[in-house]
Amino acid sequence: MSEAARVAAAGGCELGEGPQWHAASGRLVWCDILGRQLHWLEVASGETGVIDLDHMASLAAPLDDGGMLVVGEDRLSRLDPASGAIERLMGFEADNAATRSNDARVDRHGSLWLSSMGRGAEDGAGSLYRLHRGELSRLRTGLTIPNAICFSPQGEHAHFADTARGVVYRWALDAEGWPVGEPEPWGDVTRREGNPDGAVIDAEGAMWLALWGAGRVVRLDRKGREIGAISVPVSQPSCPAFGGPGLASLYITTAREGMSAEQRAREPGAGDLFVADLAVPGLAEPTLRLS
């Protein structure tokens with residue numbers, strides 16, 4: 001039986017993505033990729049705000065100095081949220097105008113895994129990378145819509161999905177967080193309604209996986225079996241993240257991308273940020289380390 005999520009912030013994103021808990025500021029920060037905006041919610045007060053960008057971005061990860069590392073369509077940048085000043089750090093597939101950034105998450109070592117995909121979701125155009133201490137390494141190519149990047153509690157495995165293929169993979173990691181061998185299929189979502197999108201791991205090692213098109217975020221045990229679910233009143237949940245006091249709340253970004261006028265009328269909350277309170281909390285994600 002699914003529990004129901006409630007609206008946390010009526011952001012109205014075209015393509016909400018990349019929710020991140022910024023513990024130092026008590027804010028949940030997420031992106032509207034197509035709207036070229038960063039949104040934030042101050043959980044204690046309910047105050048919200050928007051930072052406009054001059055490019056598409058899919059994640060804003062917290063840094064030790066209070067700034068953010070923004071994963072952009074063709075660049076990685078440092079953003080000062082107080083002033084709005086943004087400084088380009090390096091290119092990200094800047095020589096390939098056919099791609100943009102997509103899913104990303106900080107691993108247990110304080111390094112960033114991030115992905116690219118074709119702007120039109122072209123088959124095999126996407127790649128998976130790791131930004132480790134300021135150096136960017138490509139881990140895998142030939143992906144279509146890389147998603148569901150998340151990590152086991154002890155950091156011995158990484159997960160990722162190719163949304164277009166309906167499969168979630170598990171990849172063994174060494175003591176430094178680098179992949180070992182080939183990723184293995186872990187969860188086959190092709191028999192479920194919806195496609196695998198963003199994901200996060202909770203304190204018991206279970207995965208919360210957004211099912212784009214199904215209006216659900218499912219909880220999967222370590223063997224990929226469904227053991228719980230949260231429903232949202234919109235069809236396109238994109239990514240979950242834990243936040244708030246004790247990391248006891250699961251925030252869920254959603255989207256209205258690709259919807260007809262009739263669909264948008266039927267789902268007025270599409271693009272909003274939703275939240276559900278859970279019995280099992282999340283895990284604190286390390287602050288991203290650039291050096």
# chains A, B, ... in the order shown; residues from 1 in each chain; ligands from 1
$ select_by_dssp --residues "segment 55-282 of chain A" --states "strand (DSSP E or B)" --output "PyMOL selection string"
chain A and resi 57-63+68-72+75-79+86-91+99-106+112-118+126-132+135-143+146-151+157-162+167-173+179+184-188+195-202+207-212+216-220+226-231+237-243+249-255+273-277+282
$ residues_around --residues "Glu93 of chain A" --least-positions-apart "5" --cutoff "12 Å" --atoms "only C-alpha atoms" --output "list in words"
Val71, Gly72, Glu73, Asp74, Arg75, Leu76, Ala98, Thr99, Arg100, Ser101, Leu114, Ser115, Ser116, Met117, Gly118, Ala125, Gly126, Ser127, Leu128, Tyr129, Leu136, Ser137 and Arg138 of chain A
$ write_last_selection --atoms "C-alpha atoms" --output "PDB file, in the first residue's frame"
ATOM      1  CA  VAL A  71      26.402  20.729 -12.617  1.00  0.00           C
ATOM      2  CA  GLY A  72      25.505  22.526 -15.828  1.00  0.00           C
ATOM      3  CA  GLU A  73      24.666  21.487 -19.361  1.00  0.00           C
ATOM      4  CA  ASP A  74      28.242  22.056 -20.570  1.00  0.00           C
ATOM      5  CA  ARG A  75      30.179  23.193 -17.494  1.00  0.00           C
ATOM      6  CA  LEU A  76      30.788  22.777 -13.770  1.00  0.00           C
ATOM      7  CA  ALA A  98      24.329  17.468 -28.571  1.00  0.00           C
ATOM      8  CA  THR A  99      24.433  16.588 -24.857  1.00  0.00           C
ATOM      9  CA  ARG A 100      23.548  18.082 -21.481  1.00  0.00           C
ATOM     10  CA  SER A 101      23.999  17.076 -17.856  1.00  0.00           C
ATOM     11  CA  LEU A 114      27.457  12.858 -12.712  1.00  0.00           C
ATOM     12  CA  SER A 115      26.020  11.987 -16.074  1.00  0.00           C
ATOM     13  CA  SER A 116      25.307  13.345 -19.522  1.00  0.00           C
ATOM     14  CA  MET A 117      22.580  12.522 -22.040  1.00  0.00           C
ATOM     15  CA  GLY A 118      21.518  13.600 -25.499  1.00  0.00           C
ATOM     16  CA  ALA A 125      24.629   9.454 -26.355  1.00  0.00           C
ATOM     17  CA  GLY A 126      25.079   9.609 -22.567  1.00  0.00           C
ATOM     18  CA  SER A 127      28.020   8.938 -20.278  1.00  0.00           C
ATOM     19  CA  LEU A 128      28.765   8.508 -16.585  1.00  0.00           C
ATOM     20  CA  TYR A 129      31.602  10.404 -14.845  1.00  0.00           C
ATOM     21  CA  LEU A 136      36.898  14.525 -13.961  1.00  0.00           C
ATOM     22  CA  SER A 137      37.060  10.900 -15.180  1.00  0.00           C
ATOM     23  CA  ARG A 138      34.680   9.188 -17.584  1.00  0.00           C
TER      24      ARG A 138
END
$ closest_residue --among "A:Pro153, A:Gly84, A:Gly213, A:Gly177" --to "His132 of chain A" --atoms "only C-alpha atoms"
A:Gly177
$ closest_residue --among "A:Gly205, A:Gly67, A:Gly49, A:Gly224" --to "Gly155 of chain A" --atoms "only C-alpha atoms"
A:Gly205
$ residues_around --residues "segment 252-259 of chain A" --least-positions-apart "3" --cutoff "10 Å" --atoms "only C-alpha atoms" --output "PyMOL selection string"
chain A and resi 5-9+11-19+30-34+198-199+210+212+215-217+230+232+234-242+249+262-265+267-276
$ atom_distance --atom1 "atom CA of Val29 of chain A" --atom2 "atom CA of Leu59 of chain A"
8.5 Å
$ closest_residue --among "A:His55, A:Arg36, A:Arg27, A:His109" --to "Leu288 of chain A" --atoms "only C-alpha atoms"
A:His109
$ closest_residue --among "A:Ala4, A:Ala82, A:Leu278, A:Ala158" --to "Pro179 of chain A" --atoms "only C-alpha atoms"
A:Ala158
$ closest_atom_pairs --of "segment 7-47 of chain A" --to "segment 245-248 of chain A" --cutoff "12 Å" --atoms "only C-alpha atoms" --output "Markdown table"
| residue | atom | partner | partner_atom | distance |
| --- | --- | --- | --- | --- |
| A:Gln20 | CA | A:Leu247 | CA | 11.5 |
| A:Trp21 | CA | A:Leu247 | CA | 8.8 |
| A:His22 | CA | A:Leu247 | CA | 11.1 |
| A:Ala23 | CA | A:Pro245 | CA | 9.1 |
| A:Ala24 | CA | A:Pro245 | CA | 11.8 |
| A:Gly26 | CA | A:Pro245 | CA | 8.7 |
| A:Arg27 | CA | A:Pro245 | CA | 10.8 |
| A:Leu28 | CA | A:Leu247 | CA | 11.2 |
| A:Glu42 | CA | A:Pro245 | CA | 11.8 |
| A:Val43 | CA | A:Pro245 | CA | 8.8 |
| A:Ala44 | CA | A:Pro245 | CA | 9.0 |
$ write_last_selection --atoms "N, CA, C and O atoms" --output "PDB file, in the first residue's frame"
ATOM      1  N   GLN A  20      18.767  18.302  -3.352  1.00  0.00           N
ATOM      2  CA  GLN A  20      19.921  18.133  -2.465  1.00  0.00           C
ATOM      3  C   GLN A  20      19.632  18.819  -1.138  1.00  0.00           C
ATOM      4  O   GLN A  20      19.142  19.966  -1.112  1.00  0.00           O
ATOM      5  N   TRP A  21      19.961  18.149  -0.035  1.00  0.00           N
ATOM      6  CA  TRP A  21      19.813  18.738   1.287  1.00  0.00           C
ATOM      7  C   TRP A  21      21.094  19.493   1.627  1.00  0.00           C
ATOM      8  O   TRP A  21      22.180  18.928   1.652  1.00  0.00           O
ATOM      9  N   HIS A  22      20.970  20.805   1.882  1.00  0.00           N
ATOM     10  CA  HIS A  22      22.095  21.639   2.295  1.00  0.00           C
ATOM     11  C   HIS A  22      21.956  21.854   3.803  1.00  0.00           C
ATOM     12  O   HIS A  22      21.264  22.765   4.259  1.00  0.00           O
ATOM     13  N   ALA A  23      22.595  20.987   4.570  1.00  0.00           N
ATOM     14  CA  ALA A  23      22.384  20.951   6.018  1.00  0.00           C
ATOM     15  C   ALA A  23      22.785  22.252   6.703  1.00  0.00           C
ATOM     16  O   ALA A  23      22.124  22.704   7.648  1.00  0.00           O
ATOM     17  N   ALA A  24      23.870  22.875   6.251  1.00  0.00           N
ATOM     18  CA  ALA A  24      24.364  24.086   6.911  1.00  0.00           C
ATOM     19  C   ALA A  24      23.351  25.223   6.850  1.00  0.00           C
ATOM     20  O   ALA A  24      23.243  26.018   7.791  1.00  0.00           O
ATOM     21  N   GLY A  26      20.001  24.617   6.171  1.00  0.00           N
ATOM     22  CA  GLY A  26      18.669  24.099   6.421  1.00  0.00           C
ATOM     23  C   GLY A  26      17.755  24.195   5.218  1.00  0.00           C
ATOM     24  O   GLY A  26      16.544  24.303   5.358  1.00  0.00           O
ATOM     25  N   ARG A  27      18.360  24.126   4.027  1.00  0.00           N
ATOM     26  CA  ARG A  27      17.586  24.277   2.797  1.00  0.00           C
ATOM     27  C   ARG A  27      17.629  23.029   1.936  1.00  0.00           C
ATOM     28  O   ARG A  27      18.653  22.337   1.873  1.00  0.00           O
ATOM     29  N   LEU A  28      16.529  22.774   1.281  1.00  0.00           N
ATOM     30  CA  LEU A  28      16.458  21.789   0.210  1.00  0.00           C
ATOM     31  C   LEU A  28      16.583  22.569  -1.095  1.00  0.00           C
ATOM     32  O   LEU A  28      15.828  23.514  -1.337  1.00  0.00           O
ATOM     33  N   GLU A  42      13.525  26.713   2.497  1.00  0.00           N
ATOM     34  CA  GLU A  42      14.013  26.712   3.870  1.00  0.00           C
ATOM     35  C   GLU A  42      13.001  25.923   4.694  1.00  0.00           C
ATOM     36  O   GLU A  42      11.864  26.377   4.900  1.00  0.00           O
ATOM     37  N   VAL A  43      13.401  24.752   5.140  1.00  0.00           N
ATOM     38  CA  VAL A  43      12.452  23.815   5.709  1.00  0.00           C
ATOM     39  C   VAL A  43      11.806  24.354   6.988  1.00  0.00           C
ATOM     40  O   VAL A  43      10.596  24.215   7.192  1.00  0.00           O
ATOM     41  N   ALA A  44      12.586  24.992   7.843  1.00  0.00           N
ATOM     42  CA  ALA A  44      12.053  25.444   9.129  1.00  0.00           C
ATOM     43  C   ALA A  44      10.982  26.513   8.968  1.00  0.00           C
ATOM     44  O   ALA A  44       9.968  26.513   9.670  1.00  0.00           O
TER      45      ALA A  44
END
$ residues_around --residues "Ser111 of chain A" --least-positions-apart "6" --cutoff "10 Å" --atoms "only C-alpha atoms" --output "mmCIF file with all heavy atoms, in the first residue's frame"
data_model
loop_
_atom_site.group_PDB
_atom_site.id
_atom_site.type_symbol
_atom_site.label_atom_id
_atom_site.label_comp_id
_atom_site.auth_asym_id
_atom_site.auth_seq_id
_atom_site.Cartn_x
_atom_site.Cartn_y
_atom_site.Cartn_z
ATOM 1 N N ARG A 105 25.078 12.707 -8.046
ATOM 2 C CA ARG A 105 24.995 12.582 -6.595
ATOM 3 C C ARG A 105 26.404 12.420 -6.027
ATOM 4 O O ARG A 105 27.269 11.812 -6.656
ATOM 5 C CB ARG A 105 24.121 11.392 -6.180
ATOM 6 C CG ARG A 105 23.767 11.391 -4.690
ATOM 7 C CD ARG A 105 22.768 10.305 -4.332
ATOM 8 N NE ARG A 105 21.445 10.487 -4.918
ATOM 9 C CZ ARG A 105 20.512 11.280 -4.415
ATOM 10 N NH1 ARG A 105 20.762 12.006 -3.328
ATOM 11 N NH2 ARG A 105 19.326 11.367 -5.004
ATOM 12 N N ARG A 130 32.994 10.574 -12.869
ATOM 13 C CA ARG A 130 33.273 10.839 -11.456
ATOM 14 C C ARG A 130 34.213 12.031 -11.350
ATOM 15 O O ARG A 130 35.271 12.050 -11.989
ATOM 16 C CB ARG A 130 33.904 9.626 -10.778
ATOM 17 C CG ARG A 130 34.003 9.782 -9.249
ATOM 18 C CD ARG A 130 34.730 8.611 -8.625
ATOM 19 N NE ARG A 130 34.605 8.626 -7.166
ATOM 20 C CZ ARG A 130 35.521 8.152 -6.320
ATOM 21 N NH1 ARG A 130 36.658 7.613 -6.795
ATOM 22 N NH2 ARG A 130 35.334 8.203 -5.019
ATOM 23 N N LEU A 131 33.804 13.031 -10.550
ATOM 24 C CA LEU A 131 34.643 14.177 -10.244
ATOM 25 C C LEU A 131 35.286 13.907 -8.892
ATOM 26 O O LEU A 131 34.635 13.981 -7.854
ATOM 27 C CB LEU A 131 33.810 15.459 -10.190
ATOM 28 C CG LEU A 131 34.567 16.747 -9.832
ATOM 29 C CD1 LEU A 131 35.568 17.122 -10.926
ATOM 30 C CD2 LEU A 131 33.594 17.887 -9.567
ATOM 31 N N HIS A 132 36.560 13.565 -8.902
ATOM 32 C CA HIS A 132 37.274 13.187 -7.684
ATOM 33 C C HIS A 132 38.409 14.167 -7.432
ATOM 34 O O HIS A 132 39.353 14.256 -8.213
ATOM 35 C CB HIS A 132 37.817 11.762 -7.813
ATOM 36 C CG HIS A 132 38.570 11.278 -6.613
ATOM 37 N ND1 HIS A 132 37.963 11.003 -5.406
ATOM 38 C CD2 HIS A 132 39.890 11.041 -6.439
ATOM 39 C CE1 HIS A 132 38.875 10.602 -4.533
ATOM 40 N NE2 HIS A 132 40.050 10.620 -5.132
ATOM 41 N N ARG A 133 38.252 14.941 -6.366
ATOM 42 C CA ARG A 133 39.265 15.927 -5.958
ATOM 43 C C ARG A 133 39.655 16.855 -7.102
ATOM 44 O O ARG A 133 40.826 17.168 -7.332
ATOM 45 C CB ARG A 133 40.512 15.220 -5.396
ATOM 46 C CG ARG A 133 40.213 14.192 -4.304
ATOM 47 C CD ARG A 133 39.492 14.753 -3.100
ATOM 48 N NE ARG A 133 39.251 13.726 -2.087
ATOM 49 C CZ ARG A 133 38.092 13.099 -1.884
ATOM 50 N NH1 ARG A 133 37.033 13.417 -2.641
ATOM 51 N NH2 ARG A 133 37.970 12.187 -0.960
ATOM 52 N N GLY A 134 38.638 17.281 -7.833
ATOM 53 C CA GLY A 134 38.839 18.274 -8.882
ATOM 54 C C GLY A 134 39.176 17.711 -10.236
ATOM 55 O O GLY A 134 39.293 18.475 -11.205
ATOM 56 N N GLU A 135 39.330 16.391 -10.366
ATOM 57 C CA GLU A 135 39.636 15.780 -11.655
ATOM 58 C C GLU A 135 38.448 14.957 -12.134
ATOM 59 O O GLU A 135 37.900 14.147 -11.385
ATOM 60 C CB GLU A 135 40.888 14.898 -11.549
ATOM 61 C CG GLU A 135 42.163 15.687 -11.278
ATOM 62 C CD GLU A 135 43.404 14.817 -11.412
ATOM 63 O OE1 GLU A 135 43.287 13.683 -11.915
ATOM 64 O OE2 GLU A 135 44.480 15.283 -11.015
ATOM 65 N N LEU A 136 38.071 15.156 -13.387
ATOM 66 C CA LEU A 136 36.898 14.525 -13.961
ATOM 67 C C LEU A 136 37.320 13.307 -14.787
ATOM 68 O O LEU A 136 38.142 13.423 -15.688
ATOM 69 C CB LEU A 136 36.153 15.528 -14.847
ATOM 70 C CG LEU A 136 34.781 15.137 -15.373
ATOM 71 C CD1 LEU A 136 33.785 14.950 -14.226
ATOM 72 C CD2 LEU A 136 34.270 16.201 -16.344
ATOM 73 N N GLU A 176 38.597 3.209 -2.540
ATOM 74 C CA GLU A 176 38.637 4.632 -2.878
ATOM 75 C C GLU A 176 37.393 5.082 -3.638
ATOM 76 O O GLU A 176 37.313 6.231 -4.077
ATOM 77 C CB GLU A 176 39.887 4.933 -3.716
ATOM 78 C CG GLU A 176 41.202 4.582 -3.026
ATOM 79 C CD GLU A 176 41.385 5.362 -1.729
ATOM 80 O OE1 GLU A 176 41.031 6.560 -1.706
ATOM 81 O OE2 GLU A 176 41.869 4.773 -0.745
ATOM 82 N N GLY A 177 36.467 4.170 -3.823
ATOM 83 C CA GLY A 177 35.225 4.528 -4.492
ATOM 84 C C GLY A 177 35.252 4.420 -6.001
ATOM 85 O O GLY A 177 34.311 4.895 -6.663
ATOM 86 N N PRO A 286 28.102 13.082 2.213
ATOM 87 C CA PRO A 286 29.273 13.917 2.481
ATOM 88 C C PRO A 286 29.266 15.186 1.646
ATOM 89 O O PRO A 286 28.725 15.207 0.541
ATOM 90 C CB PRO A 286 30.451 13.011 2.071
ATOM 91 C CG PRO A 286 29.905 11.611 2.109
ATOM 92 C CD PRO A 286 28.462 11.735 1.717
ATOM 93 N N THR A 287 29.849 16.235 2.188
ATOM 94 C CA THR A 287 30.030 17.458 1.416
ATOM 95 C C THR A 287 31.010 17.182 0.282
ATOM 96 O O THR A 287 32.013 16.491 0.452
ATOM 97 C CB THR A 287 30.553 18.581 2.320
ATOM 98 O OG1 THR A 287 29.634 18.780 3.369
ATOM 99 C CG2 THR A 287 30.719 19.875 1.539
ATOM 100 N N LEU A 288 30.729 17.739 -0.868
ATOM 101 C CA LEU A 288 31.599 17.545 -2.024
ATOM 102 C C LEU A 288 32.959 18.164 -1.762
ATOM 103 O O LEU A 288 33.075 19.311 -1.341
ATOM 104 C CB LEU A 288 30.950 18.192 -3.259
ATOM 105 C CG LEU A 288 31.764 18.194 -4.539
ATOM 106 C CD1 LEU A 288 32.121 16.776 -4.979
ATOM 107 C CD2 LEU A 288 30.995 18.905 -5.638
ATOM 108 N N ARG A 289 34.010 17.387 -2.023
ATOM 109 C CA ARG A 289 35.406 17.833 -1.857
ATOM 110 C C ARG A 289 36.016 18.075 -3.227
ATOM 111 O O ARG A 289 36.060 17.155 -4.049
ATOM 112 C CB ARG A 289 36.222 16.818 -1.078
ATOM 113 C CG ARG A 289 35.748 16.622 0.368
ATOM 114 C CD ARG A 289 36.506 15.486 1.036
ATOM 115 N NE ARG A 289 37.935 15.713 1.026
ATOM 116 C CZ ARG A 289 38.832 14.780 1.384
ATOM 117 N NH1 ARG A 289 38.437 13.574 1.736
ATOM 118 N NH2 ARG A 289 40.119 15.072 1.369
ATOM 119 N N LEU A 290 36.495 19.274 -3.464
ATOM 120 C CA LEU A 290 37.107 19.581 -4.756
ATOM 121 C C LEU A 290 38.624 19.436 -4.741
ATOM 122 O O LEU A 290 39.254 19.406 -5.806
ATOM 123 C CB LEU A 290 36.727 21.007 -5.181
ATOM 124 C CG LEU A 290 35.261 21.238 -5.527
ATOM 125 C CD1 LEU A 290 35.024 22.682 -5.944
ATOM 126 C CD2 LEU A 290 34.789 20.278 -6.624
ATOM 127 N N SER A 291 39.222 19.372 -3.541
ATOM 128 C CA SER A 291 40.689 19.253 -3.473
ATOM 129 C C SER A 291 41.080 18.387 -2.301
ATOM 130 O O SER A 291 40.229 18.034 -1.459
ATOM 131 C CB SER A 291 41.317 20.634 -3.339
ATOM 132 O OG SER A 291 40.877 21.269 -2.166
#
$ residues_around --residues "Leu53 of chain A" --least-positions-apart "6" --cutoff "9 Å" --atoms "only C-alpha atoms" --output "PyMOL selection string"
chain A and resi 35-38+86
$ residues_around --residues "Leu79 of chain A" --least-positions-apart "4" --cutoff "10 Å" --atoms "only C-alpha atoms" --output "list in words"
Ala60, Ala61, Pro62, Leu63, Gly66, Gly67, Met68, Leu69, Val70, Ser83, Gly84, Ala85, Ile86, Glu87 and Arg88 of chain A
$ atom_distance --atom1 "atom CA of Tyr169 of chain A" --atom2 "atom CA of Asn102 of chain A"
17.0 Å
$ closest_residue --among "A:Thr144, A:Ser260, A:Ser77, A:Ser152" --to "Asp103 of chain A" --atoms "only C-alpha atoms"
A:Thr144
$ residues_around --residues "Thr163 of chain A" --least-positions-apart "2" --cutoff "9 Å" --atoms "only C-alpha atoms" --output "JSON, numbers by chain"
{"A": [144, 145, 146, 147, 148, 161, 165, 166, 167, 168, 195, 196, 197, 212]}
$ write_last_selection --atoms "N, CA and C atoms" --output "compact mmCIF listing (two decimals), in the first residue's frame"
# COMPACT_ATOMS: atom_id res chain seq x y z
N THR A 144 21.78 5.96 -22.49
CA THR A 144 20.80 6.83 -23.14
C THR A 144 20.29 7.90 -22.17
N ILE A 145 19.70 7.49 -21.05
CA ILE A 145 19.26 8.44 -20.02
C ILE A 145 19.78 7.95 -18.67
N PRO A 146 21.03 8.28 -18.32
CA PRO A 146 21.59 7.81 -17.05
C PRO A 146 20.85 8.44 -15.87
N ASN A 147 20.49 7.63 -14.90
CA ASN A 147 19.73 8.09 -13.74
C ASN A 147 20.02 7.18 -12.54
N ALA A 148 19.31 7.44 -11.43
CA ALA A 148 19.34 6.59 -10.23
C ALA A 148 20.73 6.44 -9.63
N ALA A 161 20.98 3.75 -13.29
CA ALA A 161 20.00 3.17 -14.21
C ALA A 161 20.17 3.79 -15.59
N ARG A 165 16.14 1.91 -20.87
CA ARG A 165 16.20 0.45 -20.91
C ARG A 165 15.46 -0.20 -19.74
N GLY A 166 15.06 0.60 -18.76
CA GLY A 166 14.28 0.07 -17.66
C GLY A 166 15.06 -0.81 -16.71
N VAL A 167 16.37 -0.63 -16.62
CA VAL A 167 17.20 -1.48 -15.78
C VAL A 167 18.02 -0.63 -14.81
N VAL A 168 18.07 -1.06 -13.54
CA VAL A 168 18.95 -0.47 -12.54
C VAL A 168 20.14 -1.40 -12.36
N ASN A 195 9.16 4.26 -15.65
CA ASN A 195 10.58 4.01 -15.94
C ASN A 195 11.45 4.53 -14.80
N PRO A 196 12.59 3.87 -14.54
CA PRO A 196 13.43 4.27 -13.41
C PRO A 196 14.07 5.63 -13.63
N ASP A 197 13.90 6.51 -12.64
CA ASP A 197 14.51 7.84 -12.73
C ASP A 197 15.49 8.00 -11.56
N TRP A 212 9.19 7.34 -13.22
CA TRP A 212 8.68 8.37 -14.13
C TRP A 212 7.52 7.78 -14.94
$ decode --residues "segment 142-150 of chain A" --atoms "all heavy atoms" --output "PDB file, in the first residue's frame"
ATOM      1  N   GLY A 142      27.846   5.110 -23.783  1.00  0.00           N
ATOM      2  CA  GLY A 142      26.820   4.308 -24.419  1.00  0.00           C
ATOM      3  C   GLY A 142      25.506   4.242 -23.679  1.00  0.00           C
ATOM      4  O   GLY A 142      24.665   3.383 -23.973  1.00  0.00           O
ATOM      5  N   LEU A 143      25.290   5.158 -22.718  1.00  0.00           N
ATOM      6  CA  LEU A 143      24.028   5.198 -21.987  1.00  0.00           C
ATOM      7  C   LEU A 143      23.075   6.167 -22.679  1.00  0.00           C
ATOM      8  O   LEU A 143      23.504   7.099 -23.351  1.00  0.00           O
ATOM      9  CB  LEU A 143      24.263   5.644 -20.542  1.00  0.00           C
ATOM     10  CG  LEU A 143      25.247   4.775 -19.738  1.00  0.00           C
ATOM     11  CD1 LEU A 143      25.564   5.427 -18.401  1.00  0.00           C
ATOM     12  CD2 LEU A 143      24.685   3.381 -19.535  1.00  0.00           C
ATOM     13  N   THR A 144      21.780   5.963 -22.488  1.00  0.00           N
ATOM     14  CA  THR A 144      20.801   6.834 -23.142  1.00  0.00           C
ATOM     15  C   THR A 144      20.286   7.896 -22.171  1.00  0.00           C
ATOM     16  O   THR A 144      20.420   9.093 -22.429  1.00  0.00           O
ATOM     17  CB  THR A 144      19.644   6.012 -23.726  1.00  0.00           C
ATOM     18  OG1 THR A 144      20.179   5.111 -24.713  1.00  0.00           O
ATOM     19  CG2 THR A 144      18.623   6.912 -24.407  1.00  0.00           C
ATOM     20  N   ILE A 145      19.703   7.488 -21.048  1.00  0.00           N
ATOM     21  CA  ILE A 145      19.258   8.439 -20.023  1.00  0.00           C
ATOM     22  C   ILE A 145      19.779   7.949 -18.675  1.00  0.00           C
ATOM     23  O   ILE A 145      19.078   7.242 -17.938  1.00  0.00           O
ATOM     24  CB  ILE A 145      17.723   8.586 -19.992  1.00  0.00           C
ATOM     25  CG1 ILE A 145      17.171   8.901 -21.383  1.00  0.00           C
ATOM     26  CG2 ILE A 145      17.322   9.697 -19.021  1.00  0.00           C
ATOM     27  CD1 ILE A 145      15.651   8.993 -21.433  1.00  0.00           C
ATOM     28  N   PRO A 146      21.030   8.276 -18.316  1.00  0.00           N
ATOM     29  CA  PRO A 146      21.588   7.805 -17.047  1.00  0.00           C
ATOM     30  C   PRO A 146      20.854   8.442 -15.865  1.00  0.00           C
ATOM     31  O   PRO A 146      20.636   9.654 -15.828  1.00  0.00           O
ATOM     32  CB  PRO A 146      23.044   8.265 -17.093  1.00  0.00           C
ATOM     33  CG  PRO A 146      23.292   8.722 -18.486  1.00  0.00           C
ATOM     34  CD  PRO A 146      21.976   9.113 -19.057  1.00  0.00           C
ATOM     35  N   ASN A 147      20.486   7.631 -14.895  1.00  0.00           N
ATOM     36  CA  ASN A 147      19.733   8.086 -13.735  1.00  0.00           C
ATOM     37  C   ASN A 147      20.020   7.185 -12.544  1.00  0.00           C
ATOM     38  O   ASN A 147      20.838   6.272 -12.618  1.00  0.00           O
ATOM     39  CB  ASN A 147      18.222   8.075 -14.050  1.00  0.00           C
ATOM     40  CG  ASN A 147      17.706   9.435 -14.489  1.00  0.00           C
ATOM     41  OD1 ASN A 147      18.007  10.448 -13.874  1.00  0.00           O
ATOM     42  ND2 ASN A 147      16.935   9.459 -15.560  1.00  0.00           N
ATOM     43  N   ALA A 148      19.313   7.444 -11.426  1.00  0.00           N
ATOM     44  CA  ALA A 148      19.342   6.590 -10.231  1.00  0.00           C
ATOM     45  C   ALA A 148      20.735   6.438  -9.627  1.00  0.00           C
ATOM     46  O   ALA A 148      21.039   5.413  -9.014  1.00  0.00           O
ATOM     47  CB  ALA A 148      18.727   5.222 -10.527  1.00  0.00           C
ATOM     48  N   ILE A 149      21.595   7.453  -9.762  1.00  0.00           N
ATOM     49  CA  ILE A 149      22.919   7.376  -9.156  1.00  0.00           C
ATOM     50  C   ILE A 149      22.775   7.453  -7.633  1.00  0.00           C
ATOM     51  O   ILE A 149      22.237   8.421  -7.098  1.00  0.00           O
ATOM     52  CB  ILE A 149      23.823   8.518  -9.658  1.00  0.00           C
ATOM     53  CG1 ILE A 149      24.036   8.401 -11.180  1.00  0.00           C
ATOM     54  CG2 ILE A 149      25.161   8.501  -8.932  1.00  0.00           C
ATOM     55  CD1 ILE A 149      24.744   9.610 -11.783  1.00  0.00           C
ATOM     56  N   CYS A 150      23.233   6.411  -6.935  1.00  0.00           N
ATOM     57  CA  CYS A 150      23.215   6.395  -5.477  1.00  0.00           C
ATOM     58  C   CYS A 150      24.179   5.324  -4.987  1.00  0.00           C
ATOM     59  O   CYS A 150      24.686   4.526  -5.783  1.00  0.00           O
ATOM     60  CB  CYS A 150      21.805   6.191  -4.933  1.00  0.00           C
ATOM     61  SG  CYS A 150      20.971   4.699  -5.518  1.00  0.00           S
TER      62      CYS A 150
END
